Each structure stands twice: as structure tokens, then as C-alpha cells.
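Participant: To be precise about what I am sending: the file is called query_9.cif and holds mmCIF, N, CA, C and O atoms.
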```
data_protein
#
loop_
_atom_site.label_atom_id
_atom_site.label_comp_id
_atom_site.auth_asym_id
_atom_site.auth_seq_id
_atom_site.Cartn_x
_atom_site.Cartn_y
_atom_site.Cartn_z
N MET I 259 5.17 -103.13 178.22
CA MET I 259 4.76 -104.49 178.52
C MET I 259 4.73 -104.65 180.04
O MET I 259 5.66 -104.25 180.74
N PRO I 260 3.67 -105.24 180.59
CA PRO I 260 3.57 -105.37 182.05
C PRO I 260 4.63 -106.32 182.61
O PRO I 260 5.03 -107.28 181.96
N VAL I 261 5.07 -106.00 183.83
CA VAL I 261 6.01 -106.85 184.53
C VAL I 261 5.21 -107.70 185.50
O VAL I 261 4.46 -107.18 186.32
N ILE I 262 5.35 -109.02 185.39
CA ILE I 262 4.60 -109.95 186.23
C ILE I 262 5.60 -110.85 186.93
O ILE I 262 6.48 -111.43 186.29
N LYS I 263 5.47 -110.95 188.26
CA LYS I 263 6.38 -111.75 189.07
C LYS I 263 5.57 -112.61 190.03
O LYS I 263 4.53 -112.19 190.52
N PRO I 264 6.06 -113.81 190.35
CA PRO I 264 5.39 -114.62 191.36
C PRO I 264 5.65 -114.06 192.76
O PRO I 264 6.66 -113.39 192.99
N ILE I 265 4.76 -114.34 193.68
CA ILE I 265 4.86 -113.79 195.04
C ILE I 265 6.16 -114.23 195.73
O ILE I 265 6.67 -113.51 196.58
N THR I 266 6.70 -115.37 195.35
CA THR I 266 7.95 -115.83 195.97
C THR I 266 9.10 -114.87 195.67
O THR I 266 10.06 -114.82 196.44
N ASP I 267 9.01 -114.09 194.60
CA ASP I 267 10.05 -113.11 194.27
C ASP I 267 10.07 -111.94 195.24
O ASP I 267 11.02 -111.16 195.26
N LEU I 268 9.04 -111.80 196.07
CA LEU I 268 9.01 -110.71 197.05
C LEU I 268 10.05 -110.92 198.15
O LEU I 268 10.34 -110.00 198.90
N ARG I 269 10.62 -112.11 198.21
CA ARG I 269 11.71 -112.35 199.18
C ARG I 269 12.91 -111.46 198.87
O ARG I 269 13.64 -111.08 199.75
N ASN I 270 13.09 -111.16 197.59
CA ASN I 270 14.20 -110.30 197.17
C ASN I 270 13.65 -108.89 196.95
O ASN I 270 13.44 -108.46 195.82
N THR I 271 13.45 -108.18 198.04
CA THR I 271 12.81 -106.86 197.96
C THR I 271 13.65 -105.85 197.20
O THR I 271 13.10 -104.97 196.53
N ASN I 272 14.97 -105.97 197.27
CA ASN I 272 15.82 -105.03 196.52
C ASN I 272 15.60 -105.16 195.02
O ASN I 272 15.55 -104.16 194.30
N GLU I 273 15.47 -106.38 194.54
CA GLU I 273 15.25 -106.60 193.11
C GLU I 273 13.91 -106.01 192.66
O GLU I 273 13.83 -105.34 191.63
N ILE I 274 12.87 -106.23 193.45
CA ILE I 274 11.55 -105.69 193.12
C ILE I 274 11.59 -104.16 193.13
O ILE I 274 11.06 -103.50 192.24
N SER I 275 12.24 -103.59 194.14
CA SER I 275 12.35 -102.13 194.24
C SER I 275 13.08 -101.56 193.03
O SER I 275 12.63 -100.59 192.41
N GLU I 276 14.21 -102.15 192.69
CA GLU I 276 14.98 -101.67 191.53
C GLU I 276 14.16 -101.78 190.25
O GLU I 276 14.20 -100.89 189.41
N LEU I 277 13.43 -102.87 190.11
CA LEU I 277 12.60 -103.07 188.92
C LEU I 277 11.51 -102.00 188.83
O LEU I 277 11.28 -101.43 187.76
N CYS I 278 10.86 -101.70 189.94
CA CYS I 278 9.81 -100.68 189.95
C CYS I 278 10.37 -99.31 189.56
O CYS I 278 9.75 -98.58 188.78
N HIS I 279 11.54 -98.97 190.09
CA HIS I 279 12.13 -97.67 189.79
C HIS I 279 12.68 -97.62 188.36
O HIS I 279 12.52 -96.61 187.67
N LYS I 280 13.29 -98.70 187.93
CA LYS I 280 13.88 -98.73 186.58
C LYS I 280 12.81 -98.70 185.49
O LYS I 280 12.91 -97.95 184.53
N GLN I 281 11.77 -99.51 185.66
CA GLN I 281 10.71 -99.61 184.65
C GLN I 281 9.73 -98.45 184.72
O GLN I 281 9.00 -98.20 183.78
N GLN I 282 9.66 -97.79 185.87
CA GLN I 282 8.70 -96.69 186.10
C GLN I 282 7.28 -97.11 185.77
O GLN I 282 6.51 -96.37 185.16
N GLN I 283 6.96 -98.34 186.19
CA GLN I 283 5.60 -98.84 186.03
C GLN I 283 5.31 -99.84 187.14
O GLN I 283 6.20 -100.22 187.90
N SER I 284 4.11 -100.27 187.23
CA SER I 284 3.70 -101.21 188.26
C SER I 284 4.25 -102.60 187.97
O SER I 284 4.45 -102.98 186.83
N VAL I 285 4.48 -103.36 189.05
CA VAL I 285 4.86 -104.76 188.95
C VAL I 285 3.70 -105.57 189.51
O VAL I 285 3.26 -105.35 190.63
N PHE I 286 3.18 -106.46 188.70
CA PHE I 286 2.04 -107.28 189.10
C PHE I 286 2.56 -108.56 189.75
O PHE I 286 3.41 -109.24 189.19
N ILE I 287 2.05 -108.85 190.95
CA ILE I 287 2.48 -110.02 191.71
C ILE I 287 1.37 -111.07 191.67
O ILE I 287 0.21 -110.76 191.93
N THR I 288 1.76 -112.30 191.32
CA THR I 288 0.79 -113.38 191.25
C THR I 288 0.96 -114.34 192.42
O THR I 288 2.04 -114.48 192.99
N LYS I 289 -0.14 -114.97 192.78
CA LYS I 289 -0.15 -115.99 193.82
C LYS I 289 -0.92 -117.18 193.27
O LYS I 289 -2.08 -117.03 192.87
N ASN I 290 -0.27 -118.32 193.20
CA ASN I 290 -0.86 -119.52 192.62
C ASN I 290 -1.37 -119.28 191.20
O ASN I 290 -2.40 -119.79 190.80
N GLY I 291 -0.64 -118.46 190.45
CA GLY I 291 -0.97 -118.21 189.06
C GLY I 291 -2.03 -117.15 188.82
O GLY I 291 -2.39 -116.88 187.68
N TYR I 292 -2.53 -116.53 189.88
CA TYR I 292 -3.56 -115.50 189.74
C TYR I 292 -3.06 -114.16 190.28
O TYR I 292 -2.26 -114.12 191.21
N GLY I 293 -3.54 -113.06 189.71
CA GLY I 293 -3.17 -111.74 190.18
C GLY I 293 -3.51 -111.56 191.64
O GLY I 293 -4.60 -111.95 192.08
N ASP I 294 -2.57 -110.98 192.41
CA ASP I 294 -2.80 -110.81 193.83
C ASP I 294 -2.47 -109.40 194.31
O ASP I 294 -3.22 -108.82 195.07
N LEU I 295 -1.35 -108.84 193.86
CA LEU I 295 -0.88 -107.54 194.33
C LEU I 295 -0.33 -106.72 193.17
O LEU I 295 0.05 -107.26 192.14
N VAL I 296 -0.24 -105.42 193.40
CA VAL I 296 0.45 -104.52 192.48
C VAL I 296 1.42 -103.71 193.32
O VAL I 296 1.04 -103.15 194.34
N VAL I 297 2.68 -103.66 192.89
CA VAL I 297 3.72 -102.92 193.60
C VAL I 297 4.24 -101.85 192.65
O VAL I 297 4.45 -102.12 191.46
N MET I 298 4.45 -100.64 193.18
CA MET I 298 4.98 -99.56 192.35
C MET I 298 5.81 -98.62 193.21
O MET I 298 5.67 -98.60 194.44
N SER I 299 6.65 -97.84 192.56
CA SER I 299 7.46 -96.86 193.27
C SER I 299 6.56 -95.71 193.74
O SER I 299 5.47 -95.50 193.22
N MET I 300 7.05 -94.98 194.72
CA MET I 300 6.30 -93.82 195.21
C MET I 300 6.12 -92.79 194.10
O MET I 300 5.07 -92.16 194.01
N GLU I 301 7.12 -92.63 193.25
CA GLU I 301 7.03 -91.67 192.16
C GLU I 301 5.91 -92.05 191.19
O GLU I 301 5.13 -91.20 190.77
N THR I 302 5.82 -93.33 190.86
CA THR I 302 4.77 -93.80 189.96
C THR I 302 3.40 -93.63 190.61
O THR I 302 2.44 -93.20 189.96
N TYR I 303 3.31 -93.91 191.89
CA TYR I 303 2.05 -93.75 192.63
C TYR I 303 1.62 -92.29 192.66
O TYR I 303 0.46 -91.97 192.39
N ASP I 304 2.56 -91.39 192.97
CA ASP I 304 2.23 -89.96 192.99
C ASP I 304 1.77 -89.47 191.62
O ASP I 304 0.83 -88.69 191.51
N GLU I 305 2.42 -89.95 190.57
CA GLU I 305 2.03 -89.57 189.22
C GLU I 305 0.63 -90.09 188.90
O GLU I 305 -0.19 -89.38 188.31
N LEU I 306 0.33 -91.30 189.33
CA LEU I 306 -0.98 -91.88 189.12
C LEU I 306 -2.05 -91.06 189.83
O LEU I 306 -3.10 -90.75 189.26
N LEU I 307 -1.79 -90.69 191.07
CA LEU I 307 -2.74 -89.86 191.81
C LEU I 307 -2.93 -88.50 191.15
O LEU I 307 -4.05 -88.01 191.04
N SER I 308 -1.84 -87.91 190.73
CA SER I 308 -1.91 -86.60 190.09
C SER I 308 -2.74 -86.67 188.80
O SER I 308 -3.59 -85.81 188.56
N THR I 309 -2.50 -87.68 188.01
CA THR I 309 -3.24 -87.85 186.76
C THR I 309 -4.72 -88.08 187.05
O THR I 309 -5.58 -87.52 186.38
N ASN I 310 -5.00 -88.87 188.08
CA ASN I 310 -6.39 -89.14 188.45
C ASN I 310 -7.08 -87.85 188.89
O ASN I 310 -8.23 -87.61 188.55
N HIS I 311 -6.38 -87.01 189.65
CA HIS I 311 -6.96 -85.73 190.08
C HIS I 311 -7.29 -84.86 188.87
O HIS I 311 -8.35 -84.25 188.81
N ILE I 312 -6.39 -84.81 187.91
CA ILE I 312 -6.60 -83.99 186.71
C ILE I 312 -7.80 -84.52 185.92
O ILE I 312 -8.67 -83.77 185.50
N ASP I 313 -7.86 -85.85 185.75
CA ASP I 313 -8.97 -86.45 185.00
C ASP I 313 -10.31 -86.18 185.68
O ASP I 313 -11.29 -85.88 185.02
N LYS I 314 -10.35 -86.30 187.01
CA LYS I 314 -11.59 -86.05 187.74
C LYS I 314 -11.98 -84.58 187.64
O LYS I 314 -13.15 -84.26 187.49
N ALA I 315 -11.00 -83.69 187.71
CA ALA I 315 -11.29 -82.26 187.61
C ALA I 315 -11.85 -81.93 186.23
O ALA I 315 -12.78 -81.14 186.10
N LYS I 316 -11.29 -82.54 185.20
CA LYS I 316 -11.78 -82.30 183.84
C LYS I 316 -13.20 -82.82 183.66
O LYS I 316 -13.95 -82.31 182.84
N ALA I 317 -13.57 -83.81 184.45
CA ALA I 317 -14.91 -84.39 184.33
C ALA I 317 -15.97 -83.52 185.00
O ALA I 317 -17.14 -83.85 184.97
N GLY I 318 -15.55 -82.41 185.62
CA GLY I 318 -16.52 -81.49 186.18
C GLY I 318 -16.57 -81.43 187.68
O GLY I 318 -17.43 -80.77 188.25
N PHE I 319 -15.67 -82.11 188.35
CA PHE I 319 -15.63 -82.05 189.80
C PHE I 319 -14.84 -80.82 190.22
O PHE I 319 -13.79 -80.52 189.67
N SER I 320 -15.33 -80.11 191.23
CA SER I 320 -14.63 -78.92 191.68
C SER I 320 -13.48 -79.27 192.62
O SER I 320 -12.49 -78.56 192.68
N ASP I 321 -13.59 -80.37 193.36
CA ASP I 321 -12.54 -80.79 194.29
C ASP I 321 -12.09 -82.19 193.91
O ASP I 321 -12.79 -83.17 194.21
N PRO I 322 -10.94 -82.34 193.24
CA PRO I 322 -10.51 -83.66 192.79
C PRO I 322 -10.36 -84.67 193.91
O PRO I 322 -10.63 -85.84 193.72
N LYS I 323 -9.97 -84.22 195.13
CA LYS I 323 -9.83 -85.19 196.23
C LYS I 323 -11.17 -85.80 196.59
O LYS I 323 -11.27 -86.99 196.83
N SER I 324 -12.21 -85.01 196.61
CA SER I 324 -13.52 -85.55 196.93
C SER I 324 -14.02 -86.46 195.80
O SER I 324 -14.76 -87.39 196.04
N ALA I 325 -13.59 -86.20 194.60
CA ALA I 325 -13.99 -87.04 193.47
C ALA I 325 -13.44 -88.46 193.62
O ALA I 325 -14.10 -89.43 193.28
N ILE I 326 -12.24 -88.57 194.15
CA ILE I 326 -11.64 -89.89 194.33
C ILE I 326 -12.43 -90.67 195.37
O ILE I 326 -12.76 -91.84 195.19
N TYR I 327 -12.76 -90.05 196.47
CA TYR I 327 -13.47 -90.72 197.54
C TYR I 327 -14.91 -91.01 197.20
O TYR I 327 -15.51 -91.91 197.75
N ASN I 328 -15.48 -90.24 196.29
CA ASN I 328 -16.88 -90.43 195.92
C ASN I 328 -17.06 -91.27 194.67
O ASN I 328 -18.17 -91.47 194.23
N ALA I 329 -15.96 -91.70 194.09
CA ALA I 329 -16.04 -92.47 192.83
C ALA I 329 -16.59 -93.86 193.06
O ALA I 329 -16.59 -94.41 194.08
#
```
What is this structure when it is put down as C-alpha cells?
Facilitator:
Amino acid sequence: MPVIKPITDLRNTNEISELCHKQQQSVFITKNGYGDLVVMSMETYDELLSTNHIDKAKAGFSDPKSAIYNA
């Protein structure tokens, strides 16, 4: 289930950081009731990039890094 927090919760950076690491998923930040930012741990971000590289490589790209920039 997605974690959604209002932007005012960013004042407590330790809580947001702990939540990102504990949940191992992105935290969606809203501003005036609308989506504004996505915050995630470095581990989750690295995993996302790695998965994206694998998916692009499977799609027939020889260099996954160039696939990201050319997408």
C-alpha cells in the first residue's frame, strides 16, 4: 500500500527517512492535496535503477544506460 504524507511532514526528516527505510518503498508527498514529490531510500532508488536497466536490456538495447537517456 502506498505511503502518502503531506509536505508539512517533511519538517520531521528523521521520521520520513525511517519510514522510507522501514517500508522499502517510495513515500509520496502531497502539496495542497495533490501529488508533488516522491522520496525514497538510496537502496530503493538503486534497486529501481537496476531493475530498469535489466528491463531495457531485455527489450533489445545493447547499453542499458543509453536506453534510459533515450527513452
Participant: Could you check how far atom C of I:Phe286 sits from atom O of I:Leu307, in Å to one decimal?
Facilitator: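 Taking atom C of I:Phe286 and atom O of I:Leu307, their separation equals 21.6 Å.
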Participant: I'd like to know which of I:Leu295, I:Gln282, I:Asn290, I:Met300 is closest to I:Leu268, using only C-alpha atoms.
Facilitator: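 Nearest candidate to I:Leu268 out of I:Leu295, I:Gln282, I:Asn290, I:Met300: I:Leu295.
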Participant: Could you list, as a PyMOL selection string, every residue within 8 Å of I:Tyr303, counting only N, CA, C and O atoms and ignoring same-chain residues fewer than 5 positions away?
Facilitator: chain I and resi 282-284+298+308-310
Participant: Quote the spacing between atom N of I:Asp294 and atom O of I:Glu276 in Å to one decimal place.
Facilitator: 19.8 Å
Participant: Can you measure atom CA of I:Thr271 to atom CA of I:Val296 for me? One decimal in Å is fine.
Facilitator: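 About the pair atom CA of I:Thr271 and atom CA of I:Val296: they are 13.7 Å apart.
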Participant: Which is closer to I:Val297 than all the others in I:Asn272, I:Lys263, I:Lys280, I:Val285, using only C-alpha atoms?
Facilitator: I:Val285
Participant: Give the answer as one residue: which of I:Ser275, I:Asn270, I:Val261, I:Ile287 has the shortest atom-to-atom distance to I:Ser299, using only C-alpha atoms?
Facilitator: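 Closest to I:Ser299 of all the choices is I:Ser275.
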Participant: Taking only C-alpha atoms into account, which of I:Pro264, I:His279, I:Glu273, I:Met259 comes nearest I:Tyr292?
Facilitator: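 So, comparing all the options, the nearest one is I:Pro264.
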Participant: Could you put an axis-aligned box around every listed atom of stretch 279-295 of chain I, padded by 4 Å on each side, and send me its centre and edge lengths in Å to one decimal, as lines of an AutoDock Vina configuration file?
Facilitator:
```
center_x = 4.6
center_y = -108.1
center_z = 189.4
size_x = 26.5
size_y = 31.4
size_z = 19.3
```
Participant: What parts of stretch 260-312 of chain I does DSSP call alpha helix (DSSP H)? I'd like the answer as a list in words.
Facilitator: Thr271, Asn272, Glu273, Ile274, Ser275, Glu276, Leu277, Cys278, His279, Lys280, Gln281, Met300, Glu301, Thr302, Tyr303, Asp304, Glu305, Leu306, Leu307, Ser308, Thr309, Asn310, His311 and Ile312 of chain I
